[in-house]
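> Can you read through this structure? Questions will come right after.
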4 protein chains.
Amino acid sequence: MSSTIGKIFSVTTFGESHGPCIGAIVDGCPAQLKLNEADIQHQLNRRRPGKSDLSSARNEADIVKIVSGVEDGLTLGSPIALIIENKDIRPADYASISTIPRPSHADFTYKAKYGILAKSGGGRASARETVCRVAGGAVAEKFLHDLHRVEIVAWVNSIGNTTLSDVDVNAVNRIQVDASEVKCPDPSLSKKMANMIKEVAESGDSIGGTIMCVCRNIPAGWGEPVFEKMEAMLAAAMLSIPACKGFEVGSGFEGSRMRGSEHNDMFVMKGNRLGTISNRSGGIQGGLTNGEPVVFRLAFKPVATIRLPQNTVNYDGVPVSLKMEGRHDPCVLPRAVPVVEAMAAIVLADMARRSGR
Amino acid sequence: MSSTIGKIFSVTTFGESHGPCIGAIVDGCPAQLKLNEADIQHQLNRRRPGKSDLSSARNEADIVKIVSGVEDGLTLGSPIALIIENKDIRPADYASISTIPRPSHADFTYKAKYGILAKSGGGRASARETVCRVAGGAVAEKFLHDLHRVEIVAWVNSIGNTTLSDVDVNAVNRIQVDASEVKCPDPSLSKKMANMIKEVAESGDSIGGTIMCVCRNIPAGWGEPVFEKMEAMLAAAMLSIPACKGFEVGSGFEGSRMRGSEHNDMFVMKGNRLGTISNRSGGIQGGLTNGEPVVFRLAFKPVATIRLPQNTVNYDGVPVSLKMEGRHDPCVLPRAVPVVEAMAAIVLADMARRSGR
Amino acid sequence: MSSTIGKIFSVTTFGESHGPCIGAIVDGCPAQLKLNEADIQHQLNRRRPGKSDLSSARNEADIVKIVSGVEDGLTLGSPIALIIENKDIRPADYASISTIPRPSHADFTYKAKYGILAKSGGGRASARETVCRVAGGAVAEKFLHDLHRVEIVAWVNSIGNTTLSDVDVNAVNRIQVDASEVKCPDPSLSKKMANMIKEVAESGDSIGGTIMCVCRNIPAGWGEPVFEKMEAMLAAAMLSIPACKGFEVGSGFEGSRMRGSEHNDMFVMKGNRLGTISNRSGGIQGGLTNGEPVVFRLAFKPVATIRLPQNTVNYDGVPVSLKMEGRHDPCVLPRAVPVVEAMAAIVLADMARRSGR
Amino acid sequence: MSSTIGKIFSVTTFGESHGPCIGAIVDGCPAQLKLNEADIQHQLNRRRPGKSDLSSARNEADIVKIVSGVEDGLTLGSPIALIIENKDIRPADYASISTIPRPSHADFTYKAKYGILAKSGGGRASARETVCRVAGGAVAEKFLHDLHRVEIVAWVNSIGNTTLSDVDVNAVNRIQVDASEVKCPDPSLSKKMANMIKEVAESGDSIGGTIMCVCRNIPAGWGEPVFEKMEAMLAAAMLSIPACKGFEVGSGFEGSRMRGSEHNDMFVMKGNRLGTISNRSGGIQGGLTNGEPVVFRLAFKPVATIRLPQNTVNYDGVPVSLKMEGRHDPCVLPRAVPVVEAMAAIVLADMARRSGR
């Protein structure tokens, strides 16, 4: 399995959702950075299920411990190991899946590749693996913020057909996002989205949506040309998040319908640097950042685990009606917001380090 | 610069568009594969500008030579070096860009990162670099086809707002695609698209569009979980293509508006294997192929180089009206089709090798 | 820091010697391999300080826990996380080193690179880091043994000037090695070596030596030509062990004094395969294994920490007489034996996986 | 095949000795470095067979062409492609080896791995592949020298039993080395070595030896702890050179016979930096450079191709007497000197880049 991301600043994750613990090893982080568990815990808390009816009942405390790489609140330059105990383990919930591959889950493909499945309902394909990403990403974010003042903000942009029409990517912040039960910075739309999720949950179904993310204060010149362009590395990081099905940067698919004369970003003086008037490039040109905010958008499919019965077949090809019980989110979007931020931070941190920062 | 892609099956490219030659080194290709220059030339020819008015006047013969790794028509297991001479070099065309960063090009960001620019109008950011991808990809495709019967077909799915509504991804083939001047397998739509490109070209403008790609006959279990999921590696490969701004696999952004009960792909017996009735997963679950066709779609922005005057500033911030002359495609889509196929082949070949194939 | 080794079968280690725990993440191990903690504990026990006077008084229980990647005694294909608690922590021992860089230690160079030092007397440069290598290597060894019957045996070949003249590399085994207090399979020489170590220890000094290692039953064709030759990857792995200063494979430095007619290994039929009469190649030709035992030898410098006073300078350049207290081995060799086996196993496992095994 | 070395500053080589050309792609070199073909040609010339009787009669002009990555004498930051035509191709010389695996060559192991052999007498295992290393290494050296004043000097330290007893590693230079027909800086010993090589050549035999290398002016702190220690990366690079069988850094195997009190390098003030009085560490502590010269020594086995008849077997196991004709060096050492320097430069350049230089 490919459990490491990053060339110089790297994150390696491990752990099944029902083993004793899960964790992440962050290597290549600069020394002498201030870092403590609260810096990481904050993002883990943002990923945890809320008190509301919007998410699974699983009670994950998700307390992170830094077990290496930090002494007296300063990073040593050595690998930072982060461990999170699994507290609320109920393997019994997943008994049925040993004979029936869950539709649109990884059961069938893992079985095809490995010939064996974790009993724990997903193993490494479980959404629980994203806890480790958030933990590792929080370290990346601390580095980016403290040394380069980089700001990363993600938010829910749509749930089903309910879409946020306009956001000021230069101003949107996490306070606005966190004020919303669904992590959408528009209060009225947020309410509408929350209602839709509740309604979907009650019907035993699930729903998808989109997340947007902006990364501000990135100097011009981060990234690599040709195969490891900034947008390429971001796309890989995002598509590696469970349930993510699409990525677009800047104008994205909308831009494919435009003409060059409409689409091109004209240069203009911004203070003492060259900037662009519009930002359809999404802050990246030729794979390198141009100093404008990096902006991208992600599609998330509806959660595959639903209570509604599904007409599928078991591993022997015999038709069955599958009814899933257990704790499942009807909509992954609100909790995916810090995961998106984490993956963005990891990519940016690696690119920063590769640029000698 | 990051000029190598792939962990076991790798492609390294080199060359500026106005140097003596460009090329690709393919390493990790299995030995004893039948391979000759015609196998590669065929795809290079598909990428070349056509006789029509749809593409740039630059006359690139693009004749590939295999200079290592093959003897008597068989691969040796050693690196396969592919060299293509640059025949039609006119550096004078690019004189103006030394003082003015072209809008939505890489001039500004390369200057920020490297402090120096190739005189050749793009250097490594030039679309000419994609010749090397096509050459390397043709080797990957030969391996995939000969050893695993994998078929890869890409086509133009939209130009501006003109969109192909429906394609049979199980049947679409390159003969249909190549019958079209714009590489769109629907003959009537193809005509409409060609007209639009001509009209845009005449107005001195450019236009974007989308490309779709299907990869068939991939066994279940290719890919890697967690960070190097099949869709993540495909996304990175595609977003590394110049002008590509978006990637979606299977249901993609459309899927983000659906409910789980609509979206899930139910299993069914297909001959002696388990398949799925629908394919909103795009042939991938949990980062691993499931035996169904891998299907994805890409957004390409309009070509940044246009003849229409652009109100921008020079490197000193002084407003200028930039008028670009020279040879430029009004629409990159038709010629990007074999580039997309090449990048898909490279990713699949690496994943095959990593699975021990 | 570069805390990951291996391209497909990889081991990532973490942990300072005085933090709560240290550990290793093994990724890329085949699924469905039988593996339990005892398989790993056995090698950790061989690395632990013995009851004799030959090694440091530090009482490291070094109990390994598998916290992911294994269920019901079978590997899942997912990352295998191994955690070892640090039980016997006495940071006070290392107070003096904050002002004086210990001669031939990493204090000075770590300070130069990171600007900060772990209080724990070595941090990542501590010999304690090798516990993680042994743990990870034990997993590699289990894979190599169970699937390929590969046998790896290392032993102490010399202590100071006391050198084992002859060993049958086809027959030497761990039972013979473990029968010796110093891990030398020759009982009488073993006694002599043990006495020398005791004598050196009593004088407050330390002593170096050499270790040999043989890897048997490796099929012909493992390894990679050019830059990642089998001997190159073994050399890197071995030179990455603290205190290792030299590596030679097959005839090594002795071979540099020979003529081709003496040195060449003539082929001969061995059962139904081609073998060689002599093995001055050390089982490797052109970077690839040839089916003969892979044999190599390593130089270890004397332990840098000694009780004898040392005339050096502090960080300000002021001359000081440094006297080191605390728990230190007078000779690292006996305990390095399982570390060498572990590193060999990790390299071989990665090469096996890269060959599709 | 593993034809790429280096993580940020990387060199990829290609080419069989009897194809149209061979070459190297250097990626990750800083932009704006002065570089022309003469910088590279100089080292290639040092590797070429001389006019004397000491080396093979093959007449390799080895003229390098820079075909990308450099404009107007300055690097662009893009991949620098170096191509060297093969001029003197005589494949007929190698007819016999299709049925008989040459003893201590890679014929047998390549056949085992790939099932096919280059007709060209070695393919990628040929010493000719080292031309590409020298070319790539010359770029690395230019970067290290121009930006960091690093000096790298290698020399022949022994031929058979004739050994140079003492060299001043702080002063030895290439002028002294190149004054010698055998690249040994001691004039009288050089003569003795040359005579021995001639005598060995006349008898149809070959002979091995050792090479030493010193790298000066490296700042403290280059390298990586744990698995990619400076000595580990150097060892891998050196052991990847054909015929290299051993590597030792600093005191090496000699150090294994010493006591800690003799071996430790005491610190002392050197100008305004901390240095060490002795340098048994070879300029590296804990995997990181300490500011002292990096010094290492390599064992090279005698050339495997000899004119003397050899009693071996063919691929079918039938005993044969093999007599090799053709052009072969009786001793690889003199021509290996620039190869060693090149590999050292590549490792140092990558480590410099990874340190953000």
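Just so we're on the same page: first chain in the structure tokens is A, next is B, and so on; residues restart at 1 for each chain, and ligands are numbered from 1 in the order they show up.
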Please identify all polymer residues within 9 Å of region 296-303 of chain C, counting only C-alpha atoms, omitting same-chain residues fewer than 6 positions from it, and present them as a PyMOL selection string.
(chain C and resi 104+157+160+205-214+231+234+238-239+242-252+282+328-333+340) or (chain D and resi 248+251-261+263-264)
> Would you list which chain A residues are within 8 Å of chain D using only C-alpha atoms, as a count of residues only?
6
> For each of B:Gln176, B:Gln41, B:Thr162, B:Gln310, take the minimum atom-to-atom distance to Lys323 (chain B), counting only C-alpha atoms, then give the residue where this is smallest.
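Among the listed residues, B:Gln310 lies closest to Lys323 (chain B).
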> Can you list, as number ranges by chain, every residue of region 177-284 of chain D that DSSP puts in alpha helix (DSSP H)?
D: 177-178, 187-202, 230-239, 252-255, 260-263
> Which residues are near Asp146 (chain C)? Cut-off 12 Å, only C-alpha atoms, ignore same chain within fewer than 2 positions. Put them as a list of chain:residue names.
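Result of the neighbour search: C:Pro30, C:Gln32, C:Leu33, C:Lys34, C:Leu35, C:Asp39, C:Ala138, C:Val139, C:Ala140, C:Glu141, C:Lys142, C:Phe143, C:Leu144, C:His148, C:Arg149, C:Val150, C:Glu151, C:Asn217, C:Ala349.
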> Go ahead and save the residues from that selection, with all heavy atoms, as a compact mmCIF listing (two decimals), in the first residue's frame.

# COMPACT_ATOMS: atom_id res chain seq x y z
N PRO C 30 3.41 -8.26 1.60
CA PRO C 30 2.30 -9.00 1.00
C PRO C 30 1.24 -9.35 2.03
O PRO C 30 1.54 -9.51 3.21
CB PRO C 30 2.96 -10.29 0.49
CG PRO C 30 4.41 -9.99 0.39
CD PRO C 30 4.70 -8.94 1.42
N GLN C 32 -1.77 -11.80 3.68
CA GLN C 32 -1.96 -13.22 3.99
C GLN C 32 -0.70 -13.94 4.43
O GLN C 32 -0.61 -15.16 4.35
CB GLN C 32 -2.59 -13.95 2.80
CG GLN C 32 -3.88 -13.32 2.31
CD GLN C 32 -4.63 -14.22 1.37
OE1 GLN C 32 -5.10 -15.29 1.76
NE2 GLN C 32 -4.75 -13.81 0.14
N LEU C 33 0.27 -13.15 4.91
CA LEU C 33 1.48 -13.73 5.49
C LEU C 33 1.18 -13.99 6.96
O LEU C 33 0.59 -13.16 7.64
CB LEU C 33 2.60 -12.70 5.36
CG LEU C 33 4.03 -13.11 5.65
CD1 LEU C 33 4.58 -13.95 4.50
CD2 LEU C 33 4.88 -11.86 5.83
N LYS C 34 1.61 -15.14 7.47
CA LYS C 34 1.47 -15.38 8.91
C LYS C 34 2.45 -14.49 9.66
O LYS C 34 3.65 -14.50 9.36
CB LYS C 34 1.78 -16.84 9.24
CG LYS C 34 0.64 -17.78 8.94
CD LYS C 34 0.97 -19.20 9.36
CE LYS C 34 -0.06 -20.16 8.76
NZ LYS C 34 0.30 -21.57 8.97
N LEU C 35 1.96 -13.73 10.62
CA LEU C 35 2.86 -12.85 11.37
C LEU C 35 2.30 -12.60 12.76
O LEU C 35 1.13 -12.25 12.91
CB LEU C 35 3.05 -11.52 10.64
CG LEU C 35 4.04 -10.55 11.28
CD1 LEU C 35 5.47 -11.01 11.05
CD2 LEU C 35 3.87 -9.14 10.72
N ASP C 39 7.29 -13.41 16.31
CA ASP C 39 8.23 -13.42 15.17
C ASP C 39 9.20 -12.24 15.26
O ASP C 39 10.36 -12.34 14.87
CB ASP C 39 7.48 -13.32 13.83
CG ASP C 39 6.59 -14.51 13.56
OD1 ASP C 39 7.03 -15.65 13.83
OD2 ASP C 39 5.46 -14.31 13.07
N ALA C 138 12.44 -7.81 10.90
CA ALA C 138 11.87 -9.12 11.24
C ALA C 138 10.66 -9.43 10.37
O ALA C 138 10.41 -10.57 10.00
CB ALA C 138 11.52 -9.16 12.72
N VAL C 139 9.89 -8.39 10.04
CA VAL C 139 8.76 -8.59 9.13
C VAL C 139 9.27 -8.95 7.73
O VAL C 139 8.76 -9.87 7.09
CB VAL C 139 7.87 -7.32 9.07
CG1 VAL C 139 6.73 -7.51 8.08
CG2 VAL C 139 7.34 -6.98 10.46
N ALA C 140 10.28 -8.22 7.28
CA ALA C 140 10.87 -8.51 5.98
C ALA C 140 11.37 -9.95 5.93
O ALA C 140 11.16 -10.68 4.96
CB ALA C 140 12.02 -7.54 5.69
N GLU C 141 12.01 -10.35 7.01
CA GLU C 141 12.58 -11.69 7.06
C GLU C 141 11.49 -12.76 7.03
O GLU C 141 11.65 -13.79 6.39
CB GLU C 141 13.41 -11.81 8.34
CG GLU C 141 14.41 -12.94 8.25
CD GLU C 141 15.35 -12.98 9.44
OE1 GLU C 141 15.65 -11.89 9.99
OE2 GLU C 141 15.76 -14.08 9.79
N LYS C 142 10.39 -12.47 7.72
CA LYS C 142 9.29 -13.45 7.73
C LYS C 142 8.77 -13.64 6.30
O LYS C 142 8.53 -14.77 5.86
CB LYS C 142 8.18 -12.94 8.65
CG LYS C 142 7.13 -13.99 9.02
CD LYS C 142 7.77 -15.07 9.87
CE LYS C 142 6.81 -16.07 10.48
NZ LYS C 142 5.59 -16.40 9.82
N PHE C 143 8.61 -12.55 5.59
CA PHE C 143 8.14 -12.62 4.20
C PHE C 143 9.14 -13.40 3.35
O PHE C 143 8.76 -14.32 2.61
CB PHE C 143 7.93 -11.18 3.67
CG PHE C 143 8.10 -10.98 2.20
CD1 PHE C 143 7.48 -11.81 1.27
CD2 PHE C 143 8.89 -9.93 1.70
CE1 PHE C 143 7.64 -11.60 -0.11
CE2 PHE C 143 9.06 -9.73 0.34
CZ PHE C 143 8.43 -10.58 -0.57
N LEU C 144 10.41 -13.07 3.47
CA LEU C 144 11.43 -13.72 2.64
C LEU C 144 11.52 -15.22 2.97
O LEU C 144 11.69 -16.05 2.07
CB LEU C 144 12.79 -13.08 2.89
CG LEU C 144 12.95 -11.66 2.38
CD1 LEU C 144 14.21 -11.03 2.97
CD2 LEU C 144 12.99 -11.61 0.85
N HIS C 148 9.92 -17.45 0.20
CA HIS C 148 11.08 -17.76 -0.66
C HIS C 148 12.16 -18.58 0.04
O HIS C 148 13.21 -18.80 -0.54
CB HIS C 148 11.68 -16.46 -1.19
CG HIS C 148 10.72 -15.63 -1.98
ND1 HIS C 148 10.28 -16.00 -3.23
CD2 HIS C 148 10.06 -14.48 -1.69
CE1 HIS C 148 9.41 -15.09 -3.68
NE2 HIS C 148 9.26 -14.17 -2.76
N ARG C 149 11.94 -19.02 1.25
CA ARG C 149 12.91 -19.83 2.01
C ARG C 149 14.27 -19.15 2.12
O ARG C 149 15.29 -19.81 2.31
CB ARG C 149 13.08 -21.21 1.36
CG ARG C 149 11.81 -22.07 1.39
CD ARG C 149 12.12 -23.48 0.96
NE ARG C 149 12.95 -23.51 -0.25
CZ ARG C 149 14.21 -23.89 -0.33
NH1 ARG C 149 14.85 -24.33 0.73
NH2 ARG C 149 14.85 -23.85 -1.49
N VAL C 150 14.31 -17.82 2.01
CA VAL C 150 15.58 -17.11 2.16
C VAL C 150 16.06 -17.21 3.61
O VAL C 150 15.25 -17.09 4.54
CB VAL C 150 15.43 -15.62 1.76
CG1 VAL C 150 16.65 -14.81 2.15
CG2 VAL C 150 15.16 -15.52 0.26
N GLU C 151 17.34 -17.48 3.78
CA GLU C 151 17.96 -17.53 5.11
C GLU C 151 19.01 -16.44 5.23
O GLU C 151 19.85 -16.30 4.35
CB GLU C 151 18.67 -18.87 5.33
CG GLU C 151 17.75 -20.06 5.43
CD GLU C 151 18.56 -21.36 5.47
OE1 GLU C 151 19.81 -21.29 5.34
OE2 GLU C 151 17.95 -22.42 5.62
N ASN C 217 19.68 -18.90 -0.58
CA ASN C 217 18.43 -19.28 -1.28
C ASN C 217 17.76 -18.12 -2.02
O ASN C 217 16.56 -18.16 -2.26
CB ASN C 217 17.41 -19.90 -0.32
CG ASN C 217 17.92 -21.18 0.30
OD1 ASN C 217 18.79 -21.84 -0.28
ND2 ASN C 217 17.41 -21.53 1.45
N ALA C 349 13.81 -7.81 0.69
CA ALA C 349 12.35 -7.81 0.57
C ALA C 349 11.91 -6.78 -0.48
O ALA C 349 11.03 -7.04 -1.30
CB ALA C 349 11.70 -7.51 1.92
> One decimal, Å: what's the distance from CA of Pro334 (chain D) over to CA of Val182 (chain D), could you say?
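Spanning CA of Pro334 (chain D) to CA of Val182 (chain D) is a straight-line distance of 4.9 Å.
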> For the structure I just gave you, how does DSSP split region 51-256 of chain A - specifically, which residues are strand (DSSP E)? Reply as a count of residues only.
38
> My list of candidates is C:Phe267, C:Arg174, C:Glu37, C:Val64. Which is closest to Asp107 (chain D) when distances are computed with only C-alpha atoms?
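Closest candidate: C:Phe267.
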> Can you tell me which residues surround Ile83 (chain D) at a distance of at most 7 Å, considering only C-alpha atoms, apart from same-chain residues fewer than 6 positions away, and format the answer as a tab-separated table (two decimals) with N, CA and C atoms, in the first residue's frame?

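Full text of result-v3.tsv as output:
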chain	number	residue	atom	x	y	z
D	21	CYS	N	23.70	6.03	-29.78
D	21	CYS	CA	24.23	6.99	-28.81
D	21	CYS	C	23.88	6.56	-27.40
D	22	ILE	N	24.52	7.19	-26.45
D	22	ILE	CA	24.22	7.02	-25.04
D	22	ILE	C	24.04	8.43	-24.45
D	23	GLY	N	23.52	8.52	-23.25
D	23	GLY	CA	23.33	9.86	-22.72
D	23	GLY	C	22.85	9.90	-21.29
D	24	ALA	N	22.69	11.12	-20.82
D	24	ALA	CA	22.25	11.35	-19.44
D	24	ALA	C	21.33	12.56	-19.40
D	64	VAL	N	30.54	15.12	-26.19
D	64	VAL	CA	29.23	15.35	-25.58
D	64	VAL	C	28.54	16.53	-26.25
D	65	LYS	N	27.23	16.40	-26.43
D	65	LYS	CA	26.41	17.53	-26.88
D	65	LYS	C	25.35	17.83	-25.81
D	66	ILE	N	25.23	19.10	-25.46
D	66	ILE	CA	24.13	19.51	-24.57
D	66	ILE	C	22.94	19.83	-25.48
> Neighbouring residues of region 272-279 of chain A were defined as those with any atom within 12 Å, considering only C-alpha atoms; residues of the same chain fewer than 5 positions away were excluded. Please report them as JSON, numbers by chain.
{"A": [169, 170, 214, 219, 220, 249, 250, 251, 252, 255, 262, 263, 264, 265, 266, 267, 284, 285, 289, 290, 291, 292, 293, 294, 295, 296], "B": [100, 101, 102, 103, 104, 105, 108, 109, 111, 112, 311, 312, 313, 314, 315, 316, 317, 318, 319]}
> Taking only C-alpha atoms into account, name the residue in D:Ala127, D:Ala61, D:Pro338, D:Phe227 that is nearest to Gly6 (chain C).
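Of all the options, D:Phe227 lies closest to Gly6 (chain C).
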> Considering only C-alpha atoms, state which residue in the set B:Val153, B:Leu117, B:Ala336, B:Ala194 is at the smallest distance from Val177 (chain B).
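Among the listed residues, the smallest separation from Val177 (chain B) belongs to B:Val153.
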> Using CA of Leu74 (chain D) and CA of Ser10 (chain B) as the two end points, give the distance in Å to one decimal.
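The value is 28.1 Å.
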